[in-house]
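*Asks:* My structure is in data36.tsv, and what it holds is TSV, C-alpha atoms:
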```tsv
chain	number	residue	atom	x	y	z
A	1351	MET	CA	43.24	19.39	1.71
A	1352	PRO	CA	44.65	18.14	5.07
A	1353	PRO	CA	42.25	15.97	7.08
A	1354	LEU	CA	42.27	18.44	10.00
A	1355	LYS	CA	41.26	21.33	7.74
A	1356	LYS	CA	38.48	19.24	6.22
A	1357	LEU	CA	37.25	18.40	9.71
A	1358	ILE	CA	37.25	22.06	10.73
A	1359	ILE	CA	35.29	23.08	7.61
A	1360	PHE	CA	32.79	20.25	8.09
A	1361	GLY	CA	32.38	21.18	11.74
A	1362	GLY	CA	31.74	24.80	10.79
A	1363	VAL	CA	29.11	23.86	8.22
A	1364	LEU	CA	27.41	21.50	10.67
A	1365	LEU	CA	27.37	24.20	13.34
A	1366	ALA	CA	25.78	26.66	10.88
A	1367	VAL	CA	23.06	24.13	10.02
A	1368	ILE	CA	22.37	23.52	13.71
A	1369	VAL	CA	22.14	27.27	14.36
A	1370	ILE	CA	19.67	27.72	11.47
A	1371	ILE	CA	17.52	24.84	12.71
A	1372	ILE	CA	17.57	25.86	16.38
A	1373	PHE	CA	17.54	29.60	15.81
A	1374	PRO	CA	15.45	30.35	12.71
A	1375	SER	CA	15.81	33.76	11.14
A	1376	LYS	CA	13.98	36.65	12.76
A	1377	LYS	CA	12.00	37.20	9.55
A	1378	THR	CA	10.78	33.57	9.45
A	1379	THR	CA	9.76	33.72	13.11
A	1380	GLU	CA	7.93	37.02	12.62
A	1381	GLU	CA	6.12	35.71	9.53
A	1382	LYS	CA	4.93	32.60	11.40
A	1383	PHE	CA	3.75	34.74	14.30
A	1384	ASP	CA	1.97	37.10	11.88
A	1385	VAL	CA	0.16	34.20	10.20
A	1386	LEU	CA	-0.92	32.87	13.58
A	1387	GLU	CA	-2.02	36.23	15.00
A	1388	SER	CA	-3.63	37.73	11.87
A	1389	GLY	CA	-5.16	34.44	10.73
A	1390	GLU	CA	-6.79	33.84	14.09
A	1391	THR	CA	-8.11	37.42	14.19
A	1392	LEU	CA	-9.64	36.97	10.75
A	1393	ILE	CA	-11.28	33.65	11.48
A	1394	ASN	CA	-12.68	35.00	14.75
A	1395	TYR	CA	-14.49	37.69	12.75
A	1396	VAL	CA	-16.00	34.92	10.62
A	1397	LYS	CA	-17.10	32.94	13.66
A	1398	GLU	CA	-18.85	36.03	15.01
A	1399	ILE	CA	-20.82	36.74	11.83
A	1400	GLU	CA	-21.67	33.21	10.63
A	1401	GLY	CA	-25.22	32.09	11.11
A	1402	LYS	CA	-26.59	35.56	11.81
A	1403	PRO	CA	-29.69	36.82	9.97
A	1404	PRO	CA	-29.27	39.71	7.51
A	1405	ALA	CA	-29.87	42.47	10.08
A	1406	GLY	CA	-27.59	40.68	12.53
A	1407	ARG	CA	-24.76	40.53	10.01
A	1408	ARG	CA	-25.03	44.26	9.36
A	1409	GLN	CA	-25.21	45.00	13.08
A	1410	PHE	CA	-22.08	42.93	13.71
A	1411	ILE	CA	-20.17	45.03	11.18
A	1412	LYS	CA	-21.38	48.29	12.72
A	1413	GLU	CA	-20.42	47.15	16.22
A	1414	LYS	CA	-16.93	46.25	15.05
A	1415	LEU	CA	-16.49	49.62	13.36
A	1416	ILE	CA	-17.62	51.38	16.54
A	1417	GLN	CA	-15.15	49.24	18.48
A	1418	PHE	CA	-12.41	50.33	16.04
A	1419	ALA	CA	-13.48	53.98	16.56
A	1420	VAL	CA	-13.94	54.28	12.80
A	1421	PRO	CA	-16.80	56.43	11.41
A	1422	PHE	CA	-19.05	54.91	8.76
A	1423	THR	CA	-22.07	55.80	6.65
A	1424	VAL	CA	-25.00	53.65	5.61
A	1425	MET	CA	-26.68	53.50	2.23
A	1426	PRO	CA	-30.19	52.06	2.71
A	1427	PHE	CA	-32.20	51.02	-0.32
A	1428	ASP	CA	-35.33	49.15	-1.38
A	1429	THR	CA	-35.69	47.09	-4.52
A	1430	VAL	CA	-38.60	45.22	-6.03
A	1431	LEU	CA	-38.06	41.75	-7.47
A	1432	ARG	CA	-40.67	40.59	-9.97
A	1433	SER	CA	-41.21	36.93	-10.73
A	1434	GLY	CA	-44.27	36.07	-12.78
A	1435	GLY	CA	-47.11	37.96	-11.18
A	1436	ARG	CA	-45.37	38.24	-7.82
A	1437	HIS	CA	-43.67	41.40	-6.55
A	1438	ASP	CA	-41.31	41.20	-3.55
A	1439	THR	CA	-39.79	44.30	-1.95
A	1440	LEU	CA	-36.32	43.73	-0.52
A	1441	HIS	CA	-34.75	46.08	1.99
A	1442	GLY	CA	-30.97	46.38	2.01
A	1443	GLU	CA	-28.23	48.54	3.47
A	1444	ASN	CA	-24.66	49.07	2.33
A	1445	ILE	CA	-22.13	50.07	5.00
A	1446	ILE	CA	-19.25	52.29	3.90
A	1447	VAL	CA	-16.04	53.43	5.59
A	1448	THR	CA	-14.25	56.26	3.79
A	1449	MET	CA	-10.58	57.05	4.31
A	1450	GLY	CA	-8.52	59.77	2.66
A	1451	ALA	CA	-9.81	62.97	1.09
A	1452	ARG	CA	-8.60	63.16	-2.50
A	1453	LYS	CA	-10.51	63.48	-5.76
A	1454	ARG	CA	-9.54	60.05	-7.11
A	1455	LYS	CA	-11.21	57.06	-5.49
A	1456	ILE	CA	-10.37	53.40	-4.89
A	1457	VAL	CA	-13.12	51.01	-3.80
A	1458	VAL	CA	-12.53	47.81	-1.82
A	1459	GLY	CA	-15.70	45.78	-1.34
A	1460	ALA	CA	-17.18	42.53	-0.11
A	1461	HIS	CA	-20.79	41.45	0.13
A	1462	CYS	CA	-22.03	40.91	3.66
A	1463	ASP	CA	-25.21	38.92	3.01
A	1464	ALA	CA	-25.65	35.15	2.75
A	1465	VAL	CA	-28.16	32.89	1.03
A	1466	PRO	CA	-31.10	31.77	3.20
A	1467	ASN	CA	-30.43	28.72	5.39
A	1468	ALA	CA	-26.66	28.97	4.96
A	1469	PRO	CA	-24.38	30.23	7.77
A	1470	GLY	CA	-22.47	32.28	5.20
A	1471	ALA	CA	-19.02	31.72	6.69
A	1472	ASN	CA	-16.85	31.45	3.60
A	1473	ASP	CA	-19.50	33.09	1.39
A	1474	ASN	CA	-19.00	35.75	2.43
A	1475	GLY	CA	-18.10	36.17	6.07
A	1476	SER	CA	-14.54	35.67	4.87
A	1477	GLY	CA	-14.67	38.76	2.65
A	1478	VAL	CA	-16.22	40.76	5.49
A	1479	ALA	CA	-13.40	39.63	7.78
A	1480	LEU	CA	-10.75	40.86	5.33
A	1481	ILE	CA	-12.40	44.27	4.94
A	1482	LEU	CA	-12.72	44.66	8.71
A	1483	GLU	CA	-9.05	43.85	9.27
A	1484	LEU	CA	-7.97	46.17	6.46
A	1485	ILE	CA	-9.96	48.96	8.11
A	1486	ARG	CA	-8.55	48.20	11.57
A	1487	THR	CA	-4.93	48.08	10.45
A	1488	LEU	CA	-5.10	50.99	8.00
A	1489	LYS	CA	-7.30	53.42	9.93
A	1490	SER	CA	-4.30	55.71	10.59
A	1491	HIS	CA	-2.72	55.24	7.16
A	1492	GLU	CA	-2.29	58.39	5.05
A	1493	PHE	CA	-3.82	57.44	1.72
A	1494	ASN	CA	-2.99	59.29	-1.49
A	1495	HIS	CA	-6.54	58.64	-2.72
A	1496	THR	CA	-9.98	58.49	-1.21
A	1497	VAL	CA	-10.69	54.85	-0.37
A	1498	ASP	CA	-14.20	53.48	0.18
A	1499	PHE	CA	-14.28	50.20	2.11
A	1500	CYS	CA	-17.73	48.82	1.29
A	1501	PHE	CA	-19.87	46.05	2.76
A	1502	PHE	CA	-22.42	45.43	0.01
A	1503	ASP	CA	-25.83	44.01	0.83
A	1504	LEU	CA	-28.04	41.67	-1.25
A	1505	GLU	CA	-25.32	40.35	-3.55
A	1506	GLU	CA	-26.97	36.95	-3.40
A	1507	SER	CA	-30.24	38.48	-4.66
A	1508	GLY	CA	-28.61	39.78	-7.84
A	1509	LEU	CA	-25.64	42.05	-7.01
A	1510	ILE	CA	-28.14	44.65	-5.80
A	1511	GLY	CA	-26.11	46.48	-3.14
A	1512	SER	CA	-23.11	47.04	-5.38
A	1513	ALA	CA	-25.39	48.13	-8.24
A	1514	VAL	CA	-26.99	50.72	-5.94
A	1515	TYR	CA	-23.54	51.97	-4.89
A	1516	VAL	CA	-22.52	52.39	-8.53
A	1517	GLN	CA	-25.84	54.06	-9.39
A	1518	ARG	CA	-25.36	56.58	-6.57
A	1519	TYR	CA	-21.63	57.03	-7.14
A	1520	ASP	CA	-20.44	60.63	-6.68
A	1521	HIS	CA	-18.78	61.42	-10.00
A	1522	SER	CA	-16.93	64.37	-8.53
A	1523	PHE	CA	-14.53	61.57	-7.55
A	1524	THR	CA	-12.62	60.04	-10.46
A	1525	PRO	CA	-12.78	56.23	-10.07
A	1526	VAL	CA	-9.40	54.48	-10.07
A	1527	ALA	CA	-10.28	50.81	-9.49
A	1528	MET	CA	-12.49	48.47	-7.50
A	1529	ILE	CA	-11.15	45.39	-5.65
A	1530	ASN	CA	-13.83	42.79	-4.86
A	1531	LEU	CA	-13.32	40.12	-2.18
A	1532	ASP	CA	-15.56	37.08	-2.36
A	1533	VAL	CA	-14.84	33.67	-0.76
A	1534	GLU	CA	-11.47	33.95	0.98
A	1535	GLY	CA	-11.33	31.25	3.63
A	1536	THR	CA	-10.41	27.91	2.04
A	1537	GLY	CA	-7.71	26.57	-0.25
A	1538	ASP	CA	-4.11	27.52	-0.83
A	1539	GLU	CA	-4.14	29.48	-4.08
A	1540	ILE	CA	-5.04	33.07	-4.99
A	1541	PHE	CA	-7.56	33.26	-7.84
A	1542	VAL	CA	-7.86	36.60	-9.66
A	1543	GLY	CA	-10.31	37.47	-12.41
A	1544	PRO	CA	-11.89	38.26	-14.75
A	1545	VAL	CA	-8.66	39.38	-16.43
A	1546	GLY	CA	-8.80	41.30	-19.70
A	1547	GLY	CA	-11.59	43.12	-21.45
A	1548	GLY	CA	-10.12	46.59	-21.00
A	1549	ASP	CA	-11.47	47.26	-17.51
A	1550	ASP	CA	-8.49	46.12	-15.44
A	1551	ASP	CA	-5.49	47.70	-17.19
A	1552	ILE	CA	-4.52	49.78	-14.14
A	1553	ILE	CA	-5.29	47.35	-11.34
A	1554	MET	CA	-3.57	44.32	-12.90
A	1555	LYS	CA	-0.19	46.06	-12.75
A	1556	TYR	CA	-0.50	46.17	-8.97
A	1557	ILE	CA	-2.03	42.70	-8.74
A	1558	HIS	CA	1.10	41.39	-10.45
A	1559	GLU	CA	3.34	43.41	-8.14
A	1560	ALA	CA	1.60	41.80	-5.15
A	1561	ARG	CA	1.94	38.37	-6.77
A	1562	ASP	CA	5.67	38.85	-7.27
A	1563	GLU	CA	6.23	40.31	-3.81
A	1564	ARG	CA	4.17	37.81	-1.84
A	1565	GLN	CA	5.06	34.72	-3.89
A	1566	PHE	CA	1.81	33.00	-2.96
A	1567	PRO	CA	0.46	30.31	-5.31
A	1568	TYR	CA	-1.50	32.28	-7.89
A	1569	GLU	CA	-3.75	31.86	-10.92
A	1570	GLU	CA	-5.65	34.37	-13.01
A	1571	ASN	CA	-8.23	33.84	-15.72
A	1572	GLU	CA	-10.41	35.84	-18.09
A	1573	ILE	CA	-13.38	33.86	-16.75
A	1574	TYR	CA	-14.55	34.41	-13.19
A	1575	PRO	CA	-17.87	33.52	-11.51
A	1576	GLY	CA	-20.43	36.27	-11.02
A	1577	SER	CA	-19.85	38.67	-8.14
A	1578	ASP	CA	-20.01	42.37	-7.27
A	1579	HIS	CA	-17.22	43.29	-9.67
A	1580	GLU	CA	-19.84	43.00	-12.44
A	1581	SER	CA	-21.70	46.09	-11.17
A	1582	PHE	CA	-18.55	48.13	-11.65
A	1583	ALA	CA	-17.77	46.53	-15.01
A	1584	ARG	CA	-21.15	47.71	-16.33
A	1585	ALA	CA	-20.45	51.33	-15.24
A	1586	PRO	CA	-17.78	50.93	-16.69
A	1587	MET	CA	-15.14	51.18	-13.94
A	1588	GLU	CA	-11.85	49.34	-13.43
A	1589	ASN	CA	-12.47	46.20	-11.38
A	1590	ILE	CA	-11.06	42.87	-10.31
A	1591	SER	CA	-12.06	40.06	-7.94
A	1592	ILE	CA	-9.83	38.09	-5.58
A	1593	SER	CA	-10.68	34.69	-4.08
A	1594	MET	CA	-8.93	31.81	-2.33
A	1595	VAL	CA	-9.39	28.34	-3.85
A	1596	ALA	CA	-7.89	24.88	-3.71
A	1597	LYS	CA	-5.31	23.96	-6.34
A	1598	GLY	CA	-7.17	22.63	-9.36
A	1599	ASP	CA	-10.33	24.60	-8.62
A	1600	VAL	CA	-9.68	27.41	-11.11
A	1601	GLU	CA	-9.99	25.14	-14.14
A	1602	LYS	CA	-13.18	23.59	-12.72
A	1603	LEU	CA	-14.69	26.99	-11.83
A	1604	VAL	CA	-13.96	28.32	-15.31
A	1605	LYS	CA	-15.59	25.27	-16.90
A	1606	TRP	CA	-18.65	25.61	-14.66
A	1607	THR	CA	-18.98	29.35	-15.33
A	1608	LYS	CA	-18.83	28.77	-19.09
A	1609	THR	CA	-21.84	26.42	-18.83
A	1610	GLY	CA	-23.92	29.22	-17.30
A	1611	TYR	CA	-23.72	27.65	-13.81
A	1612	ARG	CA	-25.48	24.42	-14.75
A	1613	ASN	CA	-25.59	21.52	-12.31
A	1614	ILE	CA	-22.34	19.54	-12.34
A	1615	GLU	CA	-23.10	15.87	-12.97
A	1616	ASN	CA	-19.62	14.39	-12.49
A	1617	PRO	CA	-18.56	14.64	-8.80
A	1618	ASP	CA	-14.93	14.86	-9.89
A	1619	ASP	CA	-15.71	18.12	-11.71
A	1620	VAL	CA	-17.09	19.86	-8.62
A	1621	PRO	CA	-14.68	22.55	-7.36
A	1622	VAL	CA	-13.80	22.12	-3.70
A	1623	VAL	CA	-14.99	25.66	-2.97
A	1624	LEU	CA	-18.51	24.83	-4.22
A	1625	LYS	CA	-19.01	21.71	-2.11
A	1626	VAL	CA	-20.35	23.64	0.89
A	1627	MET	CA	-21.13	27.06	-0.63
A	1628	HIS	CA	-24.83	28.03	-0.43
A	1629	THR	CA	-25.50	25.08	1.89
A	1630	PRO	CA	-25.98	24.65	5.66
A	1631	GLU	CA	-22.38	23.40	5.71
A	1632	ASP	CA	-20.83	26.77	4.83
A	1633	LYS	CA	-19.23	26.91	8.30
A	1634	SER	CA	-16.05	28.38	9.71
A	1635	GLU	CA	-14.89	24.92	10.79
A	1636	TYR	CA	-14.04	24.17	7.15
A	1637	MET	CA	-11.97	27.34	6.77
A	1638	THR	CA	-8.32	27.95	7.68
A	1639	PRO	CA	-6.54	30.95	9.20
A	1640	GLU	CA	-3.76	30.44	6.64
A	1641	ALA	CA	-6.11	30.95	3.67
A	1642	LEU	CA	-7.57	34.10	5.20
A	1643	TYR	CA	-4.10	35.41	5.99
A	1644	MET	CA	-2.85	34.83	2.44
A	1645	SER	CA	-5.77	36.67	0.87
A	1646	TYR	CA	-5.56	39.49	3.43
A	1647	GLN	CA	-1.85	40.06	2.83
A	1648	PHE	CA	-2.25	39.82	-0.94
A	1649	THR	CA	-5.12	42.32	-0.94
A	1650	LYS	CA	-3.36	44.72	1.43
A	1651	THR	CA	-0.20	44.66	-0.67
A	1652	THR	CA	-2.25	45.32	-3.83
A	1653	LEU	CA	-4.14	48.20	-2.23
A	1654	ILE	CA	-1.07	49.94	-0.83
A	1655	SER	CA	0.82	49.54	-4.11
A	1656	LEU	CA	-2.14	50.90	-6.08
A	1657	ASP	CA	-2.50	53.87	-3.74
A	1658	ASP	CA	1.23	54.62	-3.86
A	1659	GLY	CA	1.65	54.00	-7.58
A	1660	GLU	CA	-1.25	55.92	-9.13
A	1661	PRO	CA	-1.42	59.73	-9.28
```
Will you turn the file into structure tokens for me?

*Replies:*
Amino acid sequence: MPPLKKLIIFGGVLLAVIVIIIFPSKKTTEEKFDVLESGETLINYVKEIEGKPPAGRRQFIKEKLIQFAVPFTVMPFDTVLRSGGRHDTLHGENIIVTMGARKRKIVVGAHCDAVPNAPGANDNGSGVALILELIRTLKSHEFNHTVDFCFFDLEESGLIGSAVYVQRYDHSFTPVAMINLDVEGTGDEIFVGPVGGGDDDIIMKYIHEARDERQFPYEENEIYPGSDHESFARAPMENISISMVAKGDVEKLVKWTKTGYRNIENPDDVPVVLKVMHTPEDKSEYMTPEALYMSYQFTKTTLISLDDGEP
């Protein structure tokens, strides 16, 4: 090849590289803007709910829904906890936003309570944030199913709010699947579970579609820590849980769950996600907009695919 032709080709390639560096693709720019905008919106929800007492957390959710001009219903309940000779009555209230008007129902839920003396940012202000943003962005969407977006109360007291929802479920609606969101604000990997057991055959098809479309780091396991999905599993109804964790946490969480949640003696075996959970350090300052954005986009993709794909 003549030297001049080589020079022209090299110059052309160099120019193309410069253009790509200086002028990134429109899609890349839009994606970065979306992460920034959506991630900041999500983490601002968390900052607003963290540290509030139980009634304050519920009131925050209601005020946001009113701000969104979205109607909602409440499901108040009382339950008695017995320990030895002591009886304690707990008052709770689920908050539910219903979209669509078909006879087959999808449920998307997150618990809104926190353990005493913990700000409850990641556990589970992060799940609340995702549900709020799903409601805000999908409030005009034409769903092919009825969709209940649920904020469950008293999960930390024994999955009580979700159990009440299942107990009072209107069986004139055929259940399709339940998606549970619990702990979404830290790490860089989607964790889905518990996989298998015959109660996720429908939903896992769409989980895998979202995995393949979004290409986020992803792990699934048949073992998953206790959360509100268990109330639906006992019904039995299709269910799955989605969380965000640090790489390497899934193996540690599975090991810990298999022990029956015993204390972890070796510090190296403690999952990152557990280091502040249920402590006064469960604060938004340890969360990232990127983690929230990843889980939000993954969940939204799963929900829309499920709604479009099932009759």

*Asks:* Using only C-alpha atoms, can you tell me which of A:Tyr1574, A:Tyr1643, A:Phe1648, A:Phe1493 comes closest to A:Thr1391?

*Replies:*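 For A:Thr1391, the nearest of the given residues is A:Tyr1643.
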
*Asks:* How far is it from atom CA of A:Val1516 to atom CA of A:Asp1578, in Å with one decimal?

*Replies:*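 Atom CA of A:Val1516 sits 10.4 Å away from atom CA of A:Asp1578.
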
*Asks:* In terms of the shortest atom-to-atom distance over all atoms listed in the file, which of A:Ser1591, A:Thr1536, A:Asn1494, A:Ile1573 is closest to A:Ile1393?

*Replies:*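 Nearest candidate to A:Ile1393 out of A:Ser1591, A:Thr1536, A:Asn1494, A:Ile1573: A:Thr1536.
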
*Asks:* Which residues come within 9 Å of A:Ile1590, counting only C-alpha atoms, excluding same-chain residues fewer than 5 positions away, as number ranges by chain?

*Replies:* A: 1527-1531, 1542-1545, 1549-1550, 1553-1554, 1579, 1583

*Asks:* Go ahead and save the residues from that selection, with C-alpha atoms, as a PDB file, in the frame of the given file.

*Replies:*
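That gives us selection.pdb:
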```pdb
ATOM      1  CA  ALA A1527     -10.280  50.810  -9.490  1.00  0.00           C
ATOM      2  CA  MET A1528     -12.490  48.470  -7.500  1.00  0.00           C
ATOM      3  CA  ILE A1529     -11.150  45.390  -5.650  1.00  0.00           C
ATOM      4  CA  ASN A1530     -13.830  42.790  -4.860  1.00  0.00           C
ATOM      5  CA  LEU A1531     -13.320  40.120  -2.180  1.00  0.00           C
ATOM      6  CA  VAL A1542      -7.860  36.600  -9.660  1.00  0.00           C
ATOM      7  CA  GLY A1543     -10.310  37.470 -12.410  1.00  0.00           C
ATOM      8  CA  PRO A1544     -11.890  38.260 -14.750  1.00  0.00           C
ATOM      9  CA  VAL A1545      -8.660  39.380 -16.430  1.00  0.00           C
ATOM     10  CA  ASP A1549     -11.470  47.260 -17.510  1.00  0.00           C
ATOM     11  CA  ASP A1550      -8.490  46.120 -15.440  1.00  0.00           C
ATOM     12  CA  ILE A1553      -5.290  47.350 -11.340  1.00  0.00           C
ATOM     13  CA  MET A1554      -3.570  44.320 -12.900  1.00  0.00           C
ATOM     14  CA  HIS A1579     -17.220  43.290  -9.670  1.00  0.00           C
ATOM     15  CA  ALA A1583     -17.770  46.530 -15.010  1.00  0.00           C
TER      16      ALA A1583
END
```

*Asks:* Mind checking which residues fall within 12 Å of A:Phe1410, counting all atoms listed in the file, ignoring those fewer than 6 positions away in the same chain, and posting them as a PyMOL selection string?

*Replies:* chain A and resi 1395-1404+1416-1417+1445+1462-1463+1475+1478-1479+1482+1501

*Asks:* Pick the closest to A:Met1425 from A:Ala1464, A:Leu1392, A:Cys1500, A:Ala1451: which is it, counting only C-alpha atoms?

*Replies:*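 Result for the nearest residue to A:Met1425: A:Cys1500.
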
*Asks:* Could you list, as a list in words, every residue within 9 Å of A:Asp1532, counting only C-alpha atoms and ignoring same-chain residues fewer than 5 positions away?

*Replies:*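 Those residues are Gly1459, Ala1460, His1461, Asn1472, Asp1473, Asn1474, Gly1475, Ser1476, Gly1477, Val1478, Ser1577, Asp1578, Ser1591, Ile1592, Ser1593 and Met1594 of chain A.
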
*Asks:* Considering all atoms listed in the file, state which residue in the set A:Glu1534, A:Asp1438, A:Asp1428, A:Glu1492 is at the smallest distance from A:Arg1452.

*Replies:*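 Closest to A:Arg1452 of all the choices is A:Glu1492.
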
*Asks:* Here is a test: counting all atoms listed in the file, which residue of A:Thr1439, A:Thr1524, A:Asn1571, A:Thr1423 is nearest to A:His1495?

*Replies:* A:Thr1524
